[in-house]
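Participant: Dumping the structure here so I can ask a few things about it.
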Amino acid sequence: MKELTVTSSVFKSNQPIPEKYGCDYENINPPISIEGIPEGTKSLALIMDDPDAPSGTFDHWVIWNIPPSQNKIAEHTAPGVEGKNGMGENGYTGPCPPPGKPHHYNFKAYALDMELGLSEGSTKKDLERTMKGHVLAEGKLIGLFSRSKL
């Protein structure tokens with residue numbers, strides 16, 4: 001399987017995500033770039049989750065059917081169909097860990113050989129099930145986020 005390169009202009013891999021993108025501030029998605037998209041890609045998908053959440057992995061953003069030409073996702077934009085986050089709402093919800101040590105936030109990108117027939121509001125599980133067998137390449141960016149107080 002080919003590997004995508006997933007980067008952000010506002011944080012580096014395994015470095016802190018700026019506060020502005022968290023739940024206590026602007027609560028908007030950071031800019032994300034996806035490079036190394038293989039030939040034959042019909043759409044991109046992106047999942048942002050927090051595996052360190054106390055109740056198990058928390059989904060912050062689930063988005064699919066991003067056109068391959070939209071591989072540079074600007075902050076506060078959703079160039080595809082958005083699914084339900086862990087709050088039960090469609091769209092992005094920013095990092096919001098309990099005070100203490102930083103949590104890791106995975107931005108997982110997928111290049112797919114088709115557009116997905118999922119409707120808005122589908123879950124990460126729906127997306128993962130529908131993508132199965134259609135992933136041409138994948139990649140991940142990890143950001144860190146911590147809060148000093150509630």
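By convention in this document, the chains of the structure tokens carry letters A, B, ... by their order, each chain's residues are numbered from 1, and ligands are numbered from 1 in the order they are shown.
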Extract, using only C-alpha atoms, all DNA, RNA and protein residues at most 10 Å from Pro98 of chain A, discarding same-chain residues fewer than 3 positions from it, and format them as a ChimeraX atom specification.
Facilitator: /A:53-54,95,101-103,146-150
Participant: Just to be explicit: take each residue in the selection above, keep N, CA and C atoms, and write the result as a PDB file, in the first residue's frame.
Facilitator:
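To be explicit, this is the file written out as again_24.pdb:
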ATOM      1  N   ALA A  53      -8.533   9.418  24.799  1.00  0.00           N
ATOM      2  CA  ALA A  53      -9.728   9.854  25.541  1.00  0.00           C
ATOM      3  C   ALA A  53     -10.064   8.841  26.639  1.00  0.00           C
ATOM      4  N   PRO A  54     -10.485   9.341  27.812  1.00  0.00           N
ATOM      5  CA  PRO A  54     -10.753   8.447  28.945  1.00  0.00           C
ATOM      6  C   PRO A  54     -11.788   7.355  28.661  1.00  0.00           C
ATOM      7  N   PRO A  95      -9.983  19.578  19.741  1.00  0.00           N
ATOM      8  CA  PRO A  95      -9.417  18.884  20.891  1.00  0.00           C
ATOM      9  C   PRO A  95      -9.932  19.494  22.199  1.00  0.00           C
ATOM     10  N   LYS A 101      -1.828  15.521  31.120  1.00  0.00           N
ATOM     11  CA  LYS A 101      -0.863  15.267  30.049  1.00  0.00           C
ATOM     12  C   LYS A 101      -1.515  15.396  28.678  1.00  0.00           C
ATOM     13  N   PRO A 102      -0.711  15.752  27.675  1.00  0.00           N
ATOM     14  CA  PRO A 102      -1.255  15.944  26.321  1.00  0.00           C
ATOM     15  C   PRO A 102      -1.868  14.668  25.759  1.00  0.00           C
ATOM     16  N   HIS A 103      -2.918  14.840  24.970  1.00  0.00           N
ATOM     17  CA  HIS A 103      -3.495  13.736  24.213  1.00  0.00           C
ATOM     18  C   HIS A 103      -2.938  13.788  22.793  1.00  0.00           C
ATOM     19  N   SER A 146      -3.084  19.783  24.933  1.00  0.00           N
ATOM     20  CA  SER A 146      -3.351  19.655  26.368  1.00  0.00           C
ATOM     21  C   SER A 146      -4.041  20.919  26.845  1.00  0.00           C
ATOM     22  N   ARG A 147      -4.749  20.772  27.949  1.00  0.00           N
ATOM     23  CA  ARG A 147      -5.445  21.904  28.578  1.00  0.00           C
ATOM     24  C   ARG A 147      -4.982  21.971  30.027  1.00  0.00           C
ATOM     25  N   SER A 148      -4.690  23.182  30.485  1.00  0.00           N
ATOM     26  CA  SER A 148      -4.221  23.338  31.864  1.00  0.00           C
ATOM     27  C   SER A 148      -5.375  23.427  32.848  1.00  0.00           C
ATOM     28  N   LYS A 149      -6.562  23.815  32.348  1.00  0.00           N
ATOM     29  CA  LYS A 149      -7.731  23.917  33.228  1.00  0.00           C
ATOM     30  C   LYS A 149      -8.995  23.636  32.426  1.00  0.00           C
ATOM     31  N   LEU A 150     -10.066  23.366  33.156  1.00  0.00           N
ATOM     32  CA  LEU A 150     -11.354  23.119  32.493  1.00  0.00           C
ATOM     33  C   LEU A 150     -11.992  24.419  32.084  1.00  0.00           C
TER      34      LEU A 150
END
Participant: Would you mind writing down, as a PyMOL selection string, each residue of chain A that DSSP on the backbone assigns to helix (DSSP H, G or I)?
Facilitator: chain A and resi 19-21+68-70+124-131
Participant: Find the residues around segment 8-14 of chain A up to 12 Å (only C-alpha atoms counted), leave out those fewer than 3 positions away in its own chain, and share them as an MDAnalysis selection string.
Facilitator: chainID A and resid 5 17:21 29:35 71:75 102:107 139:145
Participant: Output the selection as an mmCIF file, in the first residue's frame - C-alpha atoms for each residue.
Facilitator:
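Written output follows (result-v3.cif):
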data_model
loop_
_atom_site.group_PDB
_atom_site.id
_atom_site.type_symbol
_atom_site.label_atom_id
_atom_site.label_comp_id
_atom_site.auth_asym_id
_atom_site.auth_seq_id
_atom_site.Cartn_x
_atom_site.Cartn_y
_atom_site.Cartn_z
ATOM 1 C CA THR A 5 2.128 12.422 3.419
ATOM 2 C CA ILE A 17 -1.770 21.809 17.851
ATOM 3 C CA PRO A 18 -2.340 25.579 18.380
ATOM 4 C CA GLU A 19 -5.006 26.401 20.994
ATOM 5 C CA LYS A 20 -7.158 28.210 18.431
ATOM 6 C CA TYR A 21 -8.272 24.836 17.026
ATOM 7 C CA ASN A 29 -10.325 22.577 11.880
ATOM 8 C CA PRO A 30 -6.635 23.253 11.250
ATOM 9 C CA PRO A 31 -5.281 23.377 7.703
ATOM 10 C CA ILE A 32 -4.284 19.909 6.471
ATOM 11 C CA SER A 33 -2.355 18.963 3.309
ATOM 12 C CA ILE A 34 -2.411 15.495 1.758
ATOM 13 C CA GLU A 35 0.410 14.717 -0.685
ATOM 14 C CA ASN A 71 -5.860 17.978 -1.107
ATOM 15 C CA LYS A 72 -5.018 21.214 0.728
ATOM 16 C CA ILE A 73 -7.837 21.636 3.234
ATOM 17 C CA ALA A 74 -7.929 25.200 4.533
ATOM 18 C CA GLU A 75 -8.765 25.926 8.149
ATOM 19 C CA PRO A 102 -1.255 15.944 26.321
ATOM 20 C CA HIS A 103 -3.495 13.736 24.213
ATOM 21 C CA HIS A 104 -2.492 12.513 20.757
ATOM 22 C CA TYR A 105 -4.742 13.482 17.845
ATOM 23 C CA ASN A 106 -4.543 11.359 14.703
ATOM 24 C CA PHE A 107 -5.333 12.960 11.356
ATOM 25 C CA GLY A 139 -1.116 8.351 5.857
ATOM 26 C CA LYS A 140 -1.251 9.945 9.271
ATOM 27 C CA LEU A 141 -0.269 13.146 11.057
ATOM 28 C CA ILE A 142 -0.235 13.163 14.863
ATOM 29 C CA GLY A 143 -0.736 16.382 16.805
ATOM 30 C CA LEU A 144 -0.660 16.932 20.566
ATOM 31 C CA PHE A 145 -3.053 19.002 22.648
#
Participant: Among chain A, which ones does DSSP assign to strand (DSSP E or B) (computed from the backbone)? Answer as a PDB file with N, CA and C atoms, in the first residue's frame.
Facilitator:
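Final output, out-v6.pdb:
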ATOM      1  N   LYS A   2       0.506   2.209  -0.815  1.00  0.00           N
ATOM      2  CA  LYS A   2       1.261   3.461  -0.877  1.00  0.00           C
ATOM      3  C   LYS A   2       0.983   4.299   0.358  1.00  0.00           C
ATOM      4  N   GLU A   3       1.930   5.192   0.649  1.00  0.00           N
ATOM      5  CA  GLU A   3       1.767   6.048   1.822  1.00  0.00           C
ATOM      6  C   GLU A   3       1.532   7.501   1.408  1.00  0.00           C
ATOM      7  N   THR A   5       1.466  11.518   2.482  1.00  0.00           N
ATOM      8  CA  THR A   5       2.128  12.422   3.419  1.00  0.00           C
ATOM      9  C   THR A   5       1.086  13.435   3.881  1.00  0.00           C
ATOM     10  N   VAL A   6       0.827  13.437   5.184  1.00  0.00           N
ATOM     11  CA  VAL A   6      -0.183  14.323   5.765  1.00  0.00           C
ATOM     12  C   VAL A   6       0.550  15.343   6.631  1.00  0.00           C
ATOM     13  N   THR A   7       0.351  16.630   6.335  1.00  0.00           N
ATOM     14  CA  THR A   7       1.043  17.697   7.061  1.00  0.00           C
ATOM     15  C   THR A   7       0.059  18.826   7.387  1.00  0.00           C
ATOM     16  N   GLN A  15       3.899  17.386  17.520  1.00  0.00           N
ATOM     17  CA  GLN A  15       4.057  18.688  18.170  1.00  0.00           C
ATOM     18  C   GLN A  15       2.664  19.223  18.534  1.00  0.00           C
ATOM     19  N   PRO A  16       2.605  20.251  19.405  1.00  0.00           N
ATOM     20  CA  PRO A  16       1.306  20.780  19.835  1.00  0.00           C
ATOM     21  C   PRO A  16       0.497  21.426  18.701  1.00  0.00           C
ATOM     22  N   ILE A  32      -4.899  21.225   6.660  1.00  0.00           N
ATOM     23  CA  ILE A  32      -4.284  19.909   6.471  1.00  0.00           C
ATOM     24  C   ILE A  32      -3.963  19.744   4.988  1.00  0.00           C
ATOM     25  N   SER A  33      -2.755  19.264   4.695  1.00  0.00           N
ATOM     26  CA  SER A  33      -2.355  18.963   3.309  1.00  0.00           C
ATOM     27  C   SER A  33      -2.127  17.460   3.173  1.00  0.00           C
ATOM     28  N   ILE A  34      -2.582  16.920   2.056  1.00  0.00           N
ATOM     29  CA  ILE A  34      -2.411  15.495   1.758  1.00  0.00           C
ATOM     30  C   ILE A  34      -1.648  15.405   0.443  1.00  0.00           C
ATOM     31  N   GLU A  35      -0.454  14.817   0.501  1.00  0.00           N
ATOM     32  CA  GLU A  35       0.410  14.717  -0.685  1.00  0.00           C
ATOM     33  C   GLU A  35       0.689  13.245  -0.998  1.00  0.00           C
ATOM     34  N   SER A  43     -11.428   9.897  -4.707  1.00  0.00           N
ATOM     35  CA  SER A  43     -11.814  10.738  -3.572  1.00  0.00           C
ATOM     36  C   SER A  43     -10.855  10.513  -2.411  1.00  0.00           C
ATOM     37  N   LEU A  44     -10.889  11.465  -1.469  1.00  0.00           N
ATOM     38  CA  LEU A  44     -10.090  11.379  -0.244  1.00  0.00           C
ATOM     39  C   LEU A  44     -11.035  11.336   0.948  1.00  0.00           C
ATOM     40  N   ALA A  45     -10.559  10.748   2.027  1.00  0.00           N
ATOM     41  CA  ALA A  45     -11.295  10.745   3.291  1.00  0.00           C
ATOM     42  C   ALA A  45     -10.318  11.120   4.397  1.00  0.00           C
ATOM     43  N   LEU A  46     -10.833  11.708   5.470  1.00  0.00           N
ATOM     44  CA  LEU A  46     -10.010  12.124   6.594  1.00  0.00           C
ATOM     45  C   LEU A  46     -10.753  11.827   7.891  1.00  0.00           C
ATOM     46  N   ILE A  47     -10.043  11.222   8.821  1.00  0.00           N
ATOM     47  CA  ILE A  47     -10.582  10.944  10.153  1.00  0.00           C
ATOM     48  C   ILE A  47      -9.634  11.571  11.168  1.00  0.00           C
ATOM     49  N   MET A  48     -10.187  12.360  12.086  1.00  0.00           N
ATOM     50  CA  MET A  48      -9.408  12.899  13.206  1.00  0.00           C
ATOM     51  C   MET A  48      -9.983  12.276  14.477  1.00  0.00           C
ATOM     52  N   ASP A  49      -9.123  11.598  15.237  1.00  0.00           N
ATOM     53  CA  ASP A  49      -9.596  11.022  16.490  1.00  0.00           C
ATOM     54  C   ASP A  49      -8.540  11.133  17.587  1.00  0.00           C
ATOM     55  N   ASP A  50      -8.991  10.902  18.808  1.00  0.00           N
ATOM     56  CA  ASP A  50      -8.161  10.980  20.012  1.00  0.00           C
ATOM     57  C   ASP A  50      -8.174   9.612  20.687  1.00  0.00           C
ATOM     58  N   PHE A  58     -12.049   8.856  20.783  1.00  0.00           N
ATOM     59  CA  PHE A  58     -13.100   9.858  20.554  1.00  0.00           C
ATOM     60  C   PHE A  58     -12.916  10.419  19.157  1.00  0.00           C
ATOM     61  N   ASP A  59     -13.985  10.426  18.375  1.00  0.00           N
ATOM     62  CA  ASP A  59     -13.935  10.913  16.992  1.00  0.00           C
ATOM     63  C   ASP A  59     -14.202  12.413  16.959  1.00  0.00           C
ATOM     64  N   HIS A  60     -13.257  13.167  16.398  1.00  0.00           N
ATOM     65  CA  HIS A  60     -13.379  14.620  16.316  1.00  0.00           C
ATOM     66  C   HIS A  60     -13.842  15.111  14.955  1.00  0.00           C
ATOM     67  N   TRP A  61     -13.494  14.362  13.892  1.00  0.00           N
ATOM     68  CA  TRP A  61     -13.870  14.803  12.546  1.00  0.00           C
ATOM     69  C   TRP A  61     -13.847  13.604  11.626  1.00  0.00           C
ATOM     70  N   VAL A  62     -14.912  13.432  10.868  1.00  0.00           N
ATOM     71  CA  VAL A  62     -15.033  12.356   9.890  1.00  0.00           C
ATOM     72  C   VAL A  62     -15.546  13.018   8.611  1.00  0.00           C
ATOM     73  N   ILE A  63     -14.740  12.979   7.551  1.00  0.00           N
ATOM     74  CA  ILE A  63     -15.117  13.650   6.304  1.00  0.00           C
ATOM     75  C   ILE A  63     -14.645  12.808   5.116  1.00  0.00           C
ATOM     76  N   TRP A  64     -15.497  12.693   4.099  1.00  0.00           N
ATOM     77  CA  TRP A  64     -15.174  11.869   2.937  1.00  0.00           C
ATOM     78  C   TRP A  64     -15.695  12.536   1.659  1.00  0.00           C
ATOM     79  N   ASN A  65     -15.398  11.879   0.536  1.00  0.00           N
ATOM     80  CA  ASN A  65     -15.723  12.409  -0.802  1.00  0.00           C
ATOM     81  C   ASN A  65     -15.097  13.783  -1.020  1.00  0.00           C
ATOM     82  N   ILE A  66     -13.885  13.930  -0.479  1.00  0.00           N
ATOM     83  CA  ILE A  66     -13.088  15.131  -0.746  1.00  0.00           C
ATOM     84  C   ILE A  66     -12.471  14.929  -2.132  1.00  0.00           C
ATOM     85  N   LYS A  72      -5.442  20.230  -0.272  1.00  0.00           N
ATOM     86  CA  LYS A  72      -5.018  21.214   0.728  1.00  0.00           C
ATOM     87  C   LYS A  72      -6.292  21.769   1.364  1.00  0.00           C
ATOM     88  N   ILE A  73      -6.612  21.250   2.534  1.00  0.00           N
ATOM     89  CA  ILE A  73      -7.837  21.636   3.234  1.00  0.00           C
ATOM     90  C   ILE A  73      -7.527  22.859   4.091  1.00  0.00           C
ATOM     91  N   VAL A  81     -18.139  15.506   2.441  1.00  0.00           N
ATOM     92  CA  VAL A  81     -19.327  15.164   3.231  1.00  0.00           C
ATOM     93  C   VAL A  81     -18.869  14.855   4.652  1.00  0.00           C
ATOM     94  N   GLU A  82     -19.513  15.485   5.635  1.00  0.00           N
ATOM     95  CA  GLU A  82     -19.098  15.296   7.022  1.00  0.00           C
ATOM     96  C   GLU A  82     -20.013  14.317   7.752  1.00  0.00           C
ATOM     97  N   LYS A  84     -20.749  12.164  11.695  1.00  0.00           N
ATOM     98  CA  LYS A  84     -20.947  12.461  13.114  1.00  0.00           C
ATOM     99  C   LYS A  84     -19.626  12.367  13.876  1.00  0.00           C
ATOM    100  N   ASN A  90     -22.690  16.580  13.299  1.00  0.00           N
ATOM    101  CA  ASN A  90     -21.940  16.523  12.046  1.00  0.00           C
ATOM    102  C   ASN A  90     -20.885  17.605  12.053  1.00  0.00           C
ATOM    103  N   HIS A 103      -2.918  14.840  24.970  1.00  0.00           N
ATOM    104  CA  HIS A 103      -3.495  13.736  24.213  1.00  0.00           C
ATOM    105  C   HIS A 103      -2.938  13.788  22.793  1.00  0.00           C
ATOM    106  N   HIS A 104      -2.924  12.633  22.147  1.00  0.00           N
ATOM    107  CA  HIS A 104      -2.492  12.513  20.757  1.00  0.00           C
ATOM    108  C   HIS A 104      -3.732  12.585  19.864  1.00  0.00           C
ATOM    109  N   TYR A 105      -3.636  13.348  18.799  1.00  0.00           N
ATOM    110  CA  TYR A 105      -4.742  13.482  17.845  1.00  0.00           C
ATOM    111  C   TYR A 105      -4.262  12.999  16.489  1.00  0.00           C
ATOM    112  N   ASN A 106      -4.886  11.936  16.000  1.00  0.00           N
ATOM    113  CA  ASN A 106      -4.543  11.359  14.703  1.00  0.00           C
ATOM    114  C   ASN A 106      -5.373  12.027  13.611  1.00  0.00           C
ATOM    115  N   PHE A 107      -4.681  12.490  12.583  1.00  0.00           N
ATOM    116  CA  PHE A 107      -5.333  12.960  11.356  1.00  0.00           C
ATOM    117  C   PHE A 107      -4.994  11.906  10.306  1.00  0.00           C
ATOM    118  N   LYS A 108      -5.929  10.981  10.054  1.00  0.00           N
ATOM    119  CA  LYS A 108      -5.681   9.855   9.161  1.00  0.00           C
ATOM    120  C   LYS A 108      -6.341  10.124   7.814  1.00  0.00           C
ATOM    121  N   ALA A 109      -5.532  10.123   6.774  1.00  0.00           N
ATOM    122  CA  ALA A 109      -6.021  10.411   5.419  1.00  0.00           C
ATOM    123  C   ALA A 109      -5.996   9.141   4.580  1.00  0.00           C
ATOM    124  N   TYR A 110      -6.969   9.048   3.689  1.00  0.00           N
ATOM    125  CA  TYR A 110      -7.111   7.882   2.817  1.00  0.00           C
ATOM    126  C   TYR A 110      -7.378   8.338   1.388  1.00  0.00           C
ATOM    127  N   ALA A 111      -6.667   7.738   0.430  1.00  0.00           N
ATOM    128  CA  ALA A 111      -6.952   7.924  -0.996  1.00  0.00           C
ATOM    129  C   ALA A 111      -7.779   6.723  -1.424  1.00  0.00           C
ATOM    130  N   LEU A 112      -8.933   6.986  -2.033  1.00  0.00           N
ATOM    131  CA  LEU A 112      -9.877   5.918  -2.379  1.00  0.00           C
ATOM    132  C   LEU A 112     -10.075   5.821  -3.885  1.00  0.00           C
ATOM    133  N   VAL A 135      -9.088   1.401  -0.480  1.00  0.00           N
ATOM    134  CA  VAL A 135      -8.014   2.309  -0.072  1.00  0.00           C
ATOM    135  C   VAL A 135      -6.781   2.059  -0.936  1.00  0.00           C
ATOM    136  N   LEU A 136      -6.369   3.095  -1.675  1.00  0.00           N
ATOM    137  CA  LEU A 136      -5.170   3.013  -2.517  1.00  0.00           C
ATOM    138  C   LEU A 136      -3.925   3.430  -1.748  1.00  0.00           C
ATOM    139  N   ALA A 137      -4.100   4.354  -0.798  1.00  0.00           N
ATOM    140  CA  ALA A 137      -2.976   4.851  -0.005  1.00  0.00           C
ATOM    141  C   ALA A 137      -3.540   5.452   1.274  1.00  0.00           C
ATOM    142  N   GLU A 138      -2.692   5.495   2.309  1.00  0.00           N
ATOM    143  CA  GLU A 138      -3.107   6.119   3.553  1.00  0.00           C
ATOM    144  C   GLU A 138      -1.909   6.751   4.234  1.00  0.00           C
ATOM    145  N   GLY A 139      -2.182   7.686   5.118  1.00  0.00           N
ATOM    146  CA  GLY A 139      -1.116   8.351   5.857  1.00  0.00           C
ATOM    147  C   GLY A 139      -1.692   8.998   7.099  1.00  0.00           C
ATOM    148  N   LYS A 140      -0.791   9.420   7.992  1.00  0.00           N
ATOM    149  CA  LYS A 140      -1.251   9.945   9.271  1.00  0.00           C
ATOM    150  C   LYS A 140      -0.336  11.069   9.754  1.00  0.00           C
ATOM    151  N   LEU A 141      -0.957  12.063  10.352  1.00  0.00           N
ATOM    152  CA  LEU A 141      -0.269  13.146  11.057  1.00  0.00           C
ATOM    153  C   LEU A 141      -0.771  13.084  12.495  1.00  0.00           C
ATOM    154  N   ILE A 142       0.151  13.168  13.448  1.00  0.00           N
ATOM    155  CA  ILE A 142      -0.235  13.163  14.863  1.00  0.00           C
ATOM    156  C   ILE A 142       0.081  14.528  15.459  1.00  0.00           C
ATOM    157  N   GLY A 143      -0.919  15.127  16.086  1.00  0.00           N
ATOM    158  CA  GLY A 143      -0.736  16.382  16.805  1.00  0.00           C
ATOM    159  C   GLY A 143      -1.013  16.160  18.282  1.00  0.00           C
ATOM    160  N   LEU A 144      -0.462  17.020  19.116  1.00  0.00           N
ATOM    161  CA  LEU A 144      -0.660  16.932  20.566  1.00  0.00           C
ATOM    162  C   LEU A 144      -1.479  18.119  21.037  1.00  0.00           C
ATOM    163  N   PHE A 145      -2.262  17.906  22.090  1.00  0.00           N
ATOM    164  CA  PHE A 145      -3.053  19.002  22.648  1.00  0.00           C
ATOM    165  C   PHE A 145      -3.260  18.731  24.119  1.00  0.00           C
TER     166      PHE A 145
END
Participant: Could you tell me how far atom CA of Leu118 of chain A lies from atom CA of Asn85 of chain A, in Å and to one decimal?
Facilitator: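 Computed distance, atom CA of Leu118 of chain A to atom CA of Asn85 of chain A, equals 15.0 Å.
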Participant: Quick check, in Å to one decimal: how far apart do atom CA of Thr93 of chain A and atom CA of Asn27 of chain A lie?
Facilitator: 6.3 Å
Participant: Measuring between only C-alpha atoms, which one of A:Pro68, A:Glu26, A:Ser55, A:Thr41 shows the shortest distance to Pro97 of chain A?
Facilitator: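 Looking at the shortest contact to Pro97 of chain A, the residue is A:Ser55.
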Participant: Have a look at atom CA of His134 of chain A and atom CA of Glu39 of chain A and let me know their distance in Å, one decimal.
Facilitator: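 Taking atom CA of His134 of chain A and atom CA of Glu39 of chain A, their separation equals 13.4 Å.
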Participant: Quick one: of A:Gly80, A:Gly100, A:Gly40, A:Gly133, who's nearest to Asp52 of chain A, counting only C-alpha atoms?
Facilitator: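 The closest residue to Asp52 of chain A is A:Gly100.
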Participant: Which is closest to Gly88 of chain A among A:Thr57, A:Gln70, A:Ser122, A:Thr130, if we use only C-alpha atoms?
Facilitator: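 Looking at the shortest contact to Gly88 of chain A, the residue is A:Ser122.
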